[in-house]
file protein-v3.cif (mmCIF, C-alpha atoms and all ligand atoms)
data_entry
loop_
_atom_site.group_PDB
_atom_site.id
_atom_site.type_symbol
_atom_site.label_atom_id
_atom_site.label_comp_id
_atom_site.auth_asym_id
_atom_site.auth_seq_id
_atom_site.Cartn_x
_atom_site.Cartn_y
_atom_site.Cartn_z
ATOM 1 C CA MET L 390 74.067 120.560 38.469
ATOM 2 C CA ILE L 391 74.248 117.003 37.172
ATOM 3 C CA ILE L 392 76.988 114.556 38.095
ATOM 4 C CA ALA L 393 77.157 111.490 35.839
ATOM 5 C CA ILE L 394 78.884 108.395 37.220
ATOM 6 C CA ASP L 395 79.327 105.312 35.057
ATOM 7 C CA GLY L 396 81.270 102.091 35.257
ATOM 8 C CA PRO L 397 81.048 98.313 35.591
ATOM 9 C CA ALA L 398 79.510 96.270 38.410
ATOM 10 C CA ALA L 399 81.045 96.676 41.875
ATOM 11 C CA ALA L 400 83.477 99.397 40.775
ATOM 12 C CA GLY L 401 82.287 101.590 43.643
ATOM 13 C CA LYS L 402 79.812 103.829 41.749
ATOM 14 C CA GLY L 403 77.031 103.606 44.321
ATOM 15 C CA THR L 404 79.265 104.169 47.334
ATOM 16 C CA LEU L 405 80.870 107.186 45.652
ATOM 17 C CA SER L 406 77.542 108.595 44.423
ATOM 18 C CA ARG L 407 75.923 108.432 47.845
ATOM 19 C CA ARG L 408 78.922 110.137 49.401
ATOM 20 C CA ILE L 409 78.879 112.934 46.802
ATOM 21 C CA ALA L 410 75.116 113.402 47.165
ATOM 22 C CA ALA L 411 75.485 113.720 50.950
ATOM 23 C CA GLU L 412 78.413 116.153 50.622
ATOM 24 C CA TYR L 413 76.651 118.547 48.220
ATOM 25 C CA GLY L 414 73.014 118.017 49.268
ATOM 26 C CA PHE L 415 72.134 116.594 45.828
ATOM 27 C CA HIS L 416 69.540 113.950 44.964
ATOM 28 C CA HIS L 417 70.880 110.525 44.006
ATOM 29 C CA LEU L 418 69.522 107.910 41.614
ATOM 30 C CA ASP L 419 71.135 104.496 41.168
ATOM 31 C CA THR L 420 69.825 103.818 37.656
ATOM 32 C CA GLY L 421 70.821 100.151 38.002
ATOM 33 C CA LEU L 422 67.880 99.851 40.389
ATOM 34 C CA THR L 423 65.485 100.864 37.610
ATOM 35 C CA TYR L 424 66.689 97.943 35.441
ATOM 36 C CA ARG L 425 66.645 95.677 38.476
ATOM 37 C CA ALA L 426 63.051 96.722 39.290
ATOM 38 C CA VAL L 427 61.846 95.826 35.793
ATOM 39 C CA ALA L 428 63.640 92.457 35.956
ATOM 40 C CA LYS L 429 62.186 91.666 39.375
ATOM 41 C CA ALA L 430 58.683 92.656 38.284
ATOM 42 C CA LEU L 431 58.950 90.180 35.393
ATOM 43 C CA ILE L 432 60.238 87.420 37.666
ATOM 44 C CA ASP L 433 57.541 88.071 40.294
ATOM 45 C CA ALA L 434 54.822 88.055 37.604
ATOM 46 C CA GLY L 435 56.078 84.699 36.327
ATOM 47 C CA GLN L 436 56.964 86.177 32.916
ATOM 48 C CA THR L 437 60.036 85.079 30.993
ATOM 49 C CA LEU L 438 62.987 87.501 30.728
ATOM 50 C CA ASP L 439 62.622 87.707 26.945
ATOM 51 C CA ASP L 440 59.025 89.042 27.118
ATOM 52 C CA GLU L 441 59.672 92.504 25.626
ATOM 53 C CA VAL L 442 56.046 93.626 25.753
ATOM 54 C CA ALA L 443 55.702 92.898 29.462
ATOM 55 C CA ALA L 444 59.159 94.369 30.201
ATOM 56 C CA GLU L 445 58.290 97.603 28.380
ATOM 57 C CA ALA L 446 55.006 97.905 30.297
ATOM 58 C CA PHE L 447 56.825 97.553 33.631
ATOM 59 C CA ALA L 448 59.441 100.103 32.508
ATOM 60 C CA GLU L 449 56.706 102.604 31.514
ATOM 61 C CA GLY L 450 55.155 102.262 34.965
ATOM 62 C CA ILE L 451 58.392 102.656 36.927
ATOM 63 C CA ASP L 452 58.036 104.542 40.236
ATOM 64 C CA LEU L 453 61.435 106.022 41.108
ATOM 65 C CA ALA L 454 60.317 106.989 44.619
ATOM 66 C CA GLY L 455 59.417 103.391 45.387
ATOM 67 C CA LEU L 456 62.742 101.754 44.446
ATOM 68 C CA ASP L 457 63.943 99.630 47.369
ATOM 69 C CA ARG L 458 67.650 98.820 47.146
ATOM 70 C CA HIS L 459 67.355 96.038 49.694
ATOM 71 C CA ALA L 460 64.502 94.269 47.899
ATOM 72 C CA LEU L 461 66.397 94.455 44.577
ATOM 73 C CA SER L 462 69.829 93.421 45.836
ATOM 74 C CA ALA L 463 69.797 89.691 44.967
ATOM 75 C CA HIS L 464 72.579 88.553 42.671
ATOM 76 C CA ALA L 465 70.065 86.840 40.381
ATOM 77 C CA VAL L 466 68.133 90.116 39.969
ATOM 78 C CA GLY L 467 71.307 91.922 38.831
ATOM 79 C CA GLU L 468 71.956 89.187 36.323
ATOM 80 C CA ALA L 469 68.360 89.348 35.027
ATOM 81 C CA ALA L 470 68.608 93.162 34.871
ATOM 82 C CA SER L 471 71.545 92.990 32.459
ATOM 83 C CA ARG L 472 69.458 90.732 30.206
ATOM 84 C CA ILE L 473 66.432 93.029 29.968
ATOM 85 C CA ALA L 474 68.785 96.046 29.644
ATOM 86 C CA VAL L 475 69.502 95.089 26.023
ATOM 87 C CA MET L 476 65.873 95.900 25.011
ATOM 88 C CA PRO L 477 65.641 99.357 23.359
ATOM 89 C CA ALA L 478 61.992 99.899 24.382
ATOM 90 C CA VAL L 479 62.831 99.232 28.023
ATOM 91 C CA ARG L 480 65.828 101.582 27.860
ATOM 92 C CA GLN L 481 63.784 104.380 26.255
ATOM 93 C CA ALA L 482 61.143 104.273 28.983
ATOM 94 C CA LEU L 483 63.699 104.157 31.802
ATOM 95 C CA VAL L 484 65.889 106.885 30.279
ATOM 96 C CA ARG L 485 62.823 109.192 30.149
ATOM 97 C CA ALA L 486 62.248 108.694 33.889
ATOM 98 C CA GLN L 487 65.974 109.096 34.646
ATOM 99 C CA ARG L 488 66.145 112.395 32.703
ATOM 100 C CA ARG L 489 63.185 113.763 34.654
ATOM 101 C CA PHE L 490 65.029 112.876 37.853
ATOM 102 C CA SER L 491 68.227 114.591 36.664
ATOM 103 C CA GLU L 492 66.425 117.958 36.553
ATOM 104 C CA LYS L 493 65.948 118.058 40.322
ATOM 105 C CA THR L 494 67.340 121.077 42.172
ATOM 106 C CA PRO L 495 69.852 121.921 43.488
ATOM 107 C CA GLY L 496 71.520 118.978 41.763
ATOM 108 C CA ALA L 497 71.441 115.284 40.980
ATOM 109 C CA VAL L 498 73.954 112.466 40.968
ATOM 110 C CA LEU L 499 73.028 109.603 38.642
ATOM 111 C CA ASP L 500 75.044 106.416 38.445
ATOM 112 C CA GLY L 501 74.825 103.616 35.899
ATOM 113 C CA ARG L 502 76.344 102.567 32.585
ATOM 114 C CA ASP L 503 75.199 105.201 30.067
ATOM 115 C CA ILE L 504 74.628 108.377 32.103
ATOM 116 C CA GLY L 505 77.481 110.391 30.562
ATOM 117 C CA THR L 506 76.908 109.051 27.046
ATOM 118 C CA VAL L 507 73.110 108.827 26.685
ATOM 119 C CA VAL L 508 71.017 109.912 29.677
ATOM 120 C CA CYS L 509 72.783 113.217 30.519
ATOM 121 C CA PRO L 510 75.469 113.901 27.904
ATOM 122 C CA GLN L 511 75.342 117.579 28.946
ATOM 123 C CA ALA L 512 76.423 116.817 32.539
ATOM 124 C CA PRO L 513 79.280 119.157 33.523
ATOM 125 C CA VAL L 514 80.995 116.439 35.582
ATOM 126 C CA LYS L 515 81.353 112.886 34.261
ATOM 127 C CA LEU L 516 83.224 110.170 36.093
ATOM 128 C CA PHE L 517 83.968 106.668 34.832
ATOM 129 C CA VAL L 518 84.685 104.543 37.876
ATOM 130 C CA THR L 519 86.387 101.232 37.297
ATOM 131 C CA ALA L 520 88.487 98.508 38.961
ATOM 132 C CA SER L 521 89.958 95.196 37.841
ATOM 133 C CA PRO L 522 87.504 92.279 37.470
ATOM 134 C CA GLU L 523 89.282 90.409 40.289
ATOM 135 C CA VAL L 524 88.960 93.313 42.734
ATOM 136 C CA ARG L 525 85.307 93.818 41.792
ATOM 137 C CA ALA L 526 84.534 90.112 42.170
ATOM 138 C CA ARG L 527 86.197 90.110 45.610
ATOM 139 C CA ARG L 528 84.027 93.068 46.680
ATOM 140 C CA ARG L 529 80.844 91.405 45.423
ATOM 141 C CA PHE L 530 81.836 88.111 47.039
ATOM 142 C CA ASP L 531 82.465 89.825 50.401
ATOM 143 C CA GLU L 532 79.099 91.602 50.173
ATOM 144 C CA MET L 533 77.294 88.339 49.434
ATOM 145 C CA VAL L 534 78.956 86.577 52.351
ATOM 146 C CA ALA L 535 78.143 89.520 54.635
ATOM 147 C CA THR L 536 74.464 89.380 53.655
ATOM 148 C CA GLY L 537 74.202 85.628 54.096
ATOM 149 C CA GLN L 538 74.005 84.718 50.367
ATOM 150 C CA THR L 539 75.860 81.578 49.325
ATOM 151 C CA ALA L 540 78.780 82.433 47.048
ATOM 152 C CA ASP L 541 81.937 81.034 45.569
ATOM 153 C CA PHE L 542 84.592 83.431 44.349
ATOM 154 C CA LEU L 543 85.258 81.890 40.938
ATOM 155 C CA SER L 544 81.621 81.885 39.895
ATOM 156 C CA VAL L 545 81.220 85.490 41.102
ATOM 157 C CA LEU L 546 84.257 86.402 38.959
ATOM 158 C CA ALA L 547 82.817 84.549 35.958
ATOM 159 C CA ASP L 548 79.495 86.405 36.404
ATOM 160 C CA ILE L 549 81.290 89.774 36.592
ATOM 161 C CA ARG L 550 83.100 89.025 33.323
ATOM 162 C CA LYS L 551 79.882 87.853 31.654
ATOM 163 C CA ARG L 552 78.038 90.998 32.805
ATOM 164 C CA ASP L 553 80.887 93.255 31.608
ATOM 165 C CA ALA L 554 80.724 91.578 28.193
ATOM 166 C CA ARG L 555 76.939 91.935 27.941
ATOM 167 C CA ASP L 556 77.081 95.606 29.030
ATOM 168 C CA THR L 557 79.906 96.605 26.675
ATOM 169 C CA GLU L 558 78.804 94.615 23.633
ATOM 170 C CA ARG L 559 75.080 95.419 23.452
ATOM 171 C CA ALA L 560 74.009 97.479 20.445
ATOM 172 C CA ASP L 561 71.868 100.017 22.361
ATOM 173 C CA SER L 562 73.791 102.282 24.778
ATOM 174 C CA PRO L 563 76.815 100.055 25.432
ATOM 175 C CA MET L 564 78.852 100.853 28.529
ATOM 176 C CA ARG L 565 81.793 103.091 27.640
ATOM 177 C CA PRO L 566 83.385 106.230 29.079
ATOM 178 C CA ALA L 567 82.156 109.486 27.534
ATOM 179 C CA GLU L 568 84.928 111.339 25.717
ATOM 180 C CA ASP L 569 85.002 113.999 28.416
ATOM 181 C CA ALA L 570 84.742 111.577 31.373
ATOM 182 C CA HIS L 571 87.411 111.451 34.074
ATOM 183 C CA LEU L 572 88.606 107.917 34.783
ATOM 184 C CA ILE L 573 88.895 106.811 38.414
ATOM 185 C CA ASP L 574 90.396 103.337 38.890
ATOM 186 C CA THR L 575 89.524 102.260 42.444
ATOM 187 C CA SER L 576 91.396 98.903 42.297
ATOM 188 C CA GLU L 577 93.887 100.129 44.851
ATOM 189 C CA MET L 578 91.997 103.133 46.174
ATOM 190 C CA SER L 579 90.112 103.484 49.429
ATOM 191 C CA ILE L 580 86.540 104.793 49.335
ATOM 192 C CA GLU L 581 87.811 108.047 50.880
ATOM 193 C CA ALA L 582 90.562 108.463 48.255
ATOM 194 C CA ALA L 583 88.037 107.979 45.428
ATOM 195 C CA PHE L 584 85.736 110.540 47.045
ATOM 196 C CA LEU L 585 88.534 113.113 47.361
ATOM 197 C CA ALA L 586 89.493 112.641 43.701
ATOM 198 C CA ALA L 587 85.857 113.194 42.691
ATOM 199 C CA LYS L 588 85.455 116.194 45.013
ATOM 200 C CA THR L 589 88.412 117.986 43.408
ATOM 201 C CA LEU L 590 86.787 117.631 39.980
ATOM 202 C CA ILE L 591 83.324 118.674 41.191
ATOM 203 C CA ASP L 592 84.603 121.709 43.100
ATOM 204 C CA ALA L 593 86.440 122.857 39.974
ATOM 205 C CA ALA L 594 83.215 122.542 37.932
ATOM 206 C CA LEU L 595 81.178 124.415 40.566
ATOM 207 C CA LYS L 596 83.553 127.414 40.620
ATOM 208 C CA PRO L 597 81.884 130.426 39.020
HETATM 209 O O1 LIG L 601 75.101 97.007 41.119
HETATM 210 P P1 LIG L 601 75.681 96.432 39.881
HETATM 211 O O2 LIG L 601 76.800 97.265 39.378
HETATM 212 O O3 LIG L 601 75.892 94.975 39.941
HETATM 213 O O4 LIG L 601 74.610 96.516 38.736
HETATM 214 P P2 LIG L 601 73.480 97.592 38.611
HETATM 215 O O5 LIG L 601 74.087 98.939 38.549
HETATM 216 O O6 LIG L 601 72.465 97.332 39.650
HETATM 217 O O7 LIG L 601 72.889 97.299 37.163
HETATM 218 C C1 LIG L 601 72.342 96.045 36.816
HETATM 219 C C2 LIG L 601 72.348 95.939 35.303
HETATM 220 O O8 LIG L 601 71.486 96.942 34.757
HETATM 221 C C3 LIG L 601 73.700 96.200 34.656
HETATM 222 O O9 LIG L 601 74.495 95.036 34.515
HETATM 223 C C4 LIG L 601 73.321 96.762 33.290
HETATM 224 O O10 LIG L 601 73.127 95.733 32.343
HETATM 225 C C5 LIG L 601 71.991 97.434 33.535
HETATM 226 N N1 LIG L 601 72.124 98.891 33.559
HETATM 227 C C6 LIG L 601 72.140 99.562 32.356
HETATM 228 O O11 LIG L 601 72.091 98.921 31.299
HETATM 229 N N2 LIG L 601 72.192 100.909 32.300
HETATM 230 C C7 LIG L 601 72.260 101.619 33.435
HETATM 231 N N3 LIG L 601 72.295 102.958 33.350
HETATM 232 C C8 LIG L 601 72.287 100.963 34.683
HETATM 233 C C9 LIG L 601 72.230 99.590 34.707
HETATM 234 O O1 LIG L 602 77.685 100.631 42.657
HETATM 235 P P1 LIG L 602 78.734 99.635 42.272
HETATM 236 O O2 LIG L 602 78.169 98.302 41.891
HETATM 237 O O3 LIG L 602 79.682 100.151 41.253
HETATM 238 O O4 LIG L 602 79.660 99.392 43.544
HETATM 239 P P2 LIG L 602 79.385 99.654 45.103
HETATM 240 O O5 LIG L 602 78.156 98.931 45.514
HETATM 241 O O6 LIG L 602 79.474 101.103 45.417
HETATM 242 O O7 LIG L 602 80.685 98.989 45.744
HETATM 243 C C1 LIG L 602 80.850 97.599 45.809
HETATM 244 C C2 LIG L 602 81.586 97.247 47.096
HETATM 245 O O8 LIG L 602 82.942 97.666 47.012
HETATM 246 C C3 LIG L 602 81.005 97.904 48.348
HETATM 247 O O9 LIG L 602 80.927 96.917 49.357
HETATM 248 C C4 LIG L 602 82.021 98.970 48.695
HETATM 249 O O10 LIG L 602 82.108 99.189 50.078
HETATM 250 C C5 LIG L 602 83.302 98.400 48.156
HETATM 251 N N1 LIG L 602 84.281 99.433 47.734
HETATM 252 C C6 LIG L 602 85.584 99.364 48.154
HETATM 253 O O11 LIG L 602 85.895 98.426 48.883
HETATM 254 N N2 LIG L 602 86.514 100.303 47.778
HETATM 255 C C7 LIG L 602 86.184 101.306 46.953
HETATM 256 N N3 LIG L 602 87.091 102.216 46.593
HETATM 257 C C8 LIG L 602 84.850 101.383 46.515
HETATM 258 C C9 LIG L 602 83.926 100.418 46.910
#

call {"tool": "encode", "arguments": {"input": "protein-v3.cif", "output": "structure tokens", "more": "lines below"}}
Ligand code: CDP
Ligand code: CDP
result
Amino acid sequence: MIIAIDGPAAAGKGTLSRRIAAEYGFHHLDTGLTYRAVAKALIDAGQTLDDEVAAEAFAEGIDLAGLDRHALSAHAVGEAASRIAVMPAVRQALVRAQRRFSEKTPGAVLDGRDIGTVVCPQAPVKLFVTASPEVRARRRFDEMVATGQTADFLSVLADIRKRDARDTERADSPMRPAEDAHLIDTSEMSIEAAFLAAKTLIDAALKP
């Protein structure tokens, strides 16, 4: 069983994915962390973000078991991740690792930008989770304040819009809902309400 969850930054993909994985006893991979890990490896090695050869080498060597959400959470790392995510060689290497993960039993929940369209187009349940840019910026802003990062709302909103543009306009695997994806707009939805909407769809797909 594969559950594909896509959508823009701070739409609630990760929160929903973790909840679904806990409910059904499935494995969960936040594929954004794989792009973040490559970006952070480049930064830590003192390489520039346009060094495709170095980025590809880090992507080839990705260790999914060693991804540490906390260590990769910085705003600047997310921004850098969306820049290296335009490189086809990086995407190919990471997609290979993500597909291996998706074969885990009894099931896997993968969240990202291109799970339903590219990584696991055969997934029986595809969700596209979204929310307005303002709501998403508010969520990101609140998270940054809560974790002691300095933030101002308007620049967080500008970054969200810039990231949306980069993710939807890139040539390789742009972010878009798969044709058979169910849209969940969480702008005015609680985390619980989003989970219940997803659960209804998953339970229907699991019925023999
Ligand atoms: O957590 P947030 O939504 O801010 O971003 P993320 O999921 O950690 O992803 C960081 C960046 O990686 C995104 O802006 C995308 O450019 C890229 N990404 C991607 O291209 N494909 C994926 N499947 C996941 C992330
Ligand atoms: O993974 P993604 O970047 O799409 O978003 P997330 O990290 O799951 O959610 C971003 C923030 O929005 C978290 O602090 C969630 O608690 C919050 N959230 C919310 O307030 N209401 C929702 N329906 C979903 C998420």

call {"tool": "atom_distance", "arguments": {"input": "protein-v3.cif", "atom1": "atom CA of Gly403 of chain L", "atom2": "atom C1 of ligand LIG 602 (chain L)"}}
result
7.3 Å

call {"tool": "resolve_selection", "arguments": {"input": "protein-v3.cif", "expression": "the PyMOL selection byres (((chain L and resi 499-512) around 9) and not hetatm)", "output": "VMD selection string"}}
result
chain L and resid 390 to 397 402 to 403 406 416 to 421 484 to 485 487 to 488 490 to 491 497 to 498 513 to 517 556 562 to 570

call {"tool": "write_last_selection", "arguments": {"input": "protein-v3.cif", "atoms": "C-alpha atoms", "output": "mmCIF file, in the coordinates of the input"}}
result
data_model
loop_
_atom_site.group_PDB
_atom_site.id
_atom_site.type_symbol
_atom_site.label_atom_id
_atom_site.label_comp_id
_atom_site.auth_asym_id
_atom_site.auth_seq_id
_atom_site.Cartn_x
_atom_site.Cartn_y
_atom_site.Cartn_z
ATOM 1 C CA MET L 390 74.067 120.560 38.469
ATOM 2 C CA ILE L 391 74.248 117.003 37.172
ATOM 3 C CA ILE L 392 76.988 114.556 38.095
ATOM 4 C CA ALA L 393 77.157 111.490 35.839
ATOM 5 C CA ILE L 394 78.884 108.395 37.220
ATOM 6 C CA ASP L 395 79.327 105.312 35.057
ATOM 7 C CA GLY L 396 81.270 102.091 35.257
ATOM 8 C CA PRO L 397 81.048 98.313 35.591
ATOM 9 C CA LYS L 402 79.812 103.829 41.749
ATOM 10 C CA GLY L 403 77.031 103.606 44.321
ATOM 11 C CA SER L 406 77.542 108.595 44.423
ATOM 12 C CA HIS L 416 69.540 113.950 44.964
ATOM 13 C CA HIS L 417 70.880 110.525 44.006
ATOM 14 C CA LEU L 418 69.522 107.910 41.614
ATOM 15 C CA ASP L 419 71.135 104.496 41.168
ATOM 16 C CA THR L 420 69.825 103.818 37.656
ATOM 17 C CA GLY L 421 70.821 100.151 38.002
ATOM 18 C CA VAL L 484 65.889 106.885 30.279
ATOM 19 C CA ARG L 485 62.823 109.192 30.149
ATOM 20 C CA GLN L 487 65.974 109.096 34.646
ATOM 21 C CA ARG L 488 66.145 112.395 32.703
ATOM 22 C CA PHE L 490 65.029 112.876 37.853
ATOM 23 C CA SER L 491 68.227 114.591 36.664
ATOM 24 C CA ALA L 497 71.441 115.284 40.980
ATOM 25 C CA VAL L 498 73.954 112.466 40.968
ATOM 26 C CA PRO L 513 79.280 119.157 33.523
ATOM 27 C CA VAL L 514 80.995 116.439 35.582
ATOM 28 C CA LYS L 515 81.353 112.886 34.261
ATOM 29 C CA LEU L 516 83.224 110.170 36.093
ATOM 30 C CA PHE L 517 83.968 106.668 34.832
ATOM 31 C CA ASP L 556 77.081 95.606 29.030
ATOM 32 C CA SER L 562 73.791 102.282 24.778
ATOM 33 C CA PRO L 563 76.815 100.055 25.432
ATOM 34 C CA MET L 564 78.852 100.853 28.529
ATOM 35 C CA ARG L 565 81.793 103.091 27.640
ATOM 36 C CA PRO L 566 83.385 106.230 29.079
ATOM 37 C CA ALA L 567 82.156 109.486 27.534
ATOM 38 C CA GLU L 568 84.928 111.339 25.717
ATOM 39 C CA ASP L 569 85.002 113.999 28.416
ATOM 40 C CA ALA L 570 84.742 111.577 31.373
#

call {"tool": "closest_residue", "arguments": {"input": "protein-v3.cif", "among": "L:Glu558, L:Glu449, L:Asp553, L:Asp457", "to": "ligand LIG 601 (chain L)", "atoms": "all atoms listed in the file"}}
result
L:Asp553

call {"tool": "closest_atom_pairs", "arguments": {"input": "protein-v3.cif", "of": "chain L", "to": "ligand LIG 602 (chain L)", "cutoff": "7 Å", "atoms": "all atoms listed in the file", "output": "Markdown table"}}
result
| residue | atom | partner | partner_atom | distance |
| --- | --- | --- | --- | --- |
| L:Gly396 | CA | L:LIG602 | O3 | 6.5 |
| L:Pro397 | CA | L:LIG602 | O3 | 6.1 |
| L:Ala398 | CA | L:LIG602 | O2 | 4.2 |
| L:Ala399 | CA | L:LIG602 | O2 | 3.3 |
| L:Ala400 | CA | L:LIG602 | O3 | 3.9 |
| L:Gly401 | CA | L:LIG602 | O6 | 3.4 |
| L:Lys402 | CA | L:LIG602 | O3 | 3.7 |
| L:Gly403 | CA | L:LIG602 | O1 | 3.5 |
| L:Thr404 | CA | L:LIG602 | O6 | 3.6 |
| L:Leu405 | CA | L:LIG602 | O6 | 6.2 |
| L:Arg525 | CA | L:LIG602 | O8 | 6.9 |
| L:Arg528 | CA | L:LIG602 | O8 | 4.7 |
| L:Arg529 | CA | L:LIG602 | C2 | 6.1 |
| L:Glu532 | CA | L:LIG602 | O9 | 5.7 |
| L:Thr575 | CA | L:LIG602 | N3 | 4.8 |
| L:Ser576 | CA | L:LIG602 | N3 | 6.9 |
| L:Met578 | CA | L:LIG602 | N3 | 5.0 |
| L:Ser579 | CA | L:LIG602 | N3 | 4.3 |
| L:Ile580 | CA | L:LIG602 | N3 | 3.8 |
| L:Ala583 | CA | L:LIG602 | N3 | 6.0 |

call {"tool": "axis_aligned_box", "arguments": {"input": "protein-v3.cif", "around": "ligand LIG 601 (chain L)", "padding_each_side": "6 Å", "output": "lines of an AutoDock Vina configuration file"}}
result
center_x = 74.1
center_y = 99.0
center_z = 36.2
size_x = 17.3
size_y = 20.0
size_z = 21.8

call {"tool": "resolve_selection", "arguments": {"input": "protein-v3.cif", "expression": "the PyMOL selection byres (((chain L and resi 546) around 12) and not hetatm)", "output": "list in words"}}
result
Ala398, Ala399, Ser521, Pro522, Glu523, Val524, Arg525, Ala526, Arg527, Arg528, Arg529, Phe530, Ala540, Asp541, Phe542, Leu543, Ser544, Val545, Ala547, Asp548, Ile549, Arg550, Lys551, Arg552 and Asp553 of chain L

call {"tool": "atom_distance", "arguments": {"input": "protein-v3.cif", "atom1": "atom CA of Glu577 of chain L", "atom2": "atom O2 of ligand LIG 601 (chain L)"}}
result
18.2 Å

call {"tool": "closest_residue", "arguments": {"input": "protein-v3.cif", "among": "L:Pro477, L:Gly496, L:Gly455, L:Gly467", "to": "ligand LIG 601 (chain L)", "atoms": "only C-alpha atoms and all ligand atoms"}}
result
L:Gly467

call {"tool": "closest_residue", "arguments": {"input": "protein-v3.cif", "among": "L:Met476, L:Leu461, L:Val518, L:Leu590", "to": "Ala443 of chain L", "atoms": "all atoms listed in the file"}}
result
L:Met476

call {"tool": "resolve_selection", "arguments": {"input": "protein-v3.cif", "expression": "the PyMOL selection byres (((chain L and resi 429) around 10) and not hetatm)", "output": "ChimeraX atom specification"}}
result
/L:423-428,430-436,438,447,460-461,463,465-467,469-470

call {"tool": "atom_distance", "arguments": {"input": "protein-v3.cif", "atom1": "atom CA of Ile473 of chain L", "atom2": "atom C5 of ligand LIG 601 (chain L)"}}
result
7.9 Å

call {"tool": "residues_around", "arguments": {"input": "protein-v3.cif", "residues": "Asp592 of chain L", "least_positions_apart": "3", "cutoff": "12 Å", "atoms": "all atoms listed in the file", "output": "VMD selection string"}}
result
chain L and resid 390 392 409 412 to 413 513 to 514 584 to 589 595 to 597

call {"tool": "write_last_selection", "arguments": {"input": "protein-v3.cif", "atoms": "C-alpha atoms", "output": "compact mmCIF listing (two decimals), keeping the file's coordinate frame"}}
result
# COMPACT_ATOMS: atom_id res chain seq x y z
CA MET L 390 74.07 120.56 38.47
CA ILE L 392 76.99 114.56 38.10
CA ILE L 409 78.88 112.93 46.80
CA GLU L 412 78.41 116.15 50.62
CA TYR L 413 76.65 118.55 48.22
CA PRO L 513 79.28 119.16 33.52
CA VAL L 514 81.00 116.44 35.58
CA PHE L 584 85.74 110.54 47.04
CA LEU L 585 88.53 113.11 47.36
CA ALA L 586 89.49 112.64 43.70
CA ALA L 587 85.86 113.19 42.69
CA LYS L 588 85.46 116.19 45.01
CA THR L 589 88.41 117.99 43.41
CA LEU L 595 81.18 124.42 40.57
CA LYS L 596 83.55 127.41 40.62
CA PRO L 597 81.88 130.43 39.02

call {"tool": "closest_residue", "arguments": {"input": "protein-v3.cif", "among": "L:Ile451, L:Leu483, L:Ala411, L:Ala444", "to": "ligand LIG 601 (chain L)", "atoms": "all atoms listed in the file"}}
result
L:Leu483

call {"tool": "closest_residue", "arguments": {"input": "protein-v3.cif", "among": "L:Asp439, L:Asp561, L:Glu581, L:Asp574", "to": "ligand LIG 601 (chain L)", "atoms": "only C-alpha atoms and all ligand atoms"}}
result
L:Asp561

call {"tool": "closest_residue", "arguments": {"input": "protein-v3.cif", "among": "L:Ala454, L:Val534, L:Ala554, L:Ala446", "to": "ligand LIG 601 (chain L)", "atoms": "only C-alpha atoms and all ligand atoms"}}
result
L:Ala554
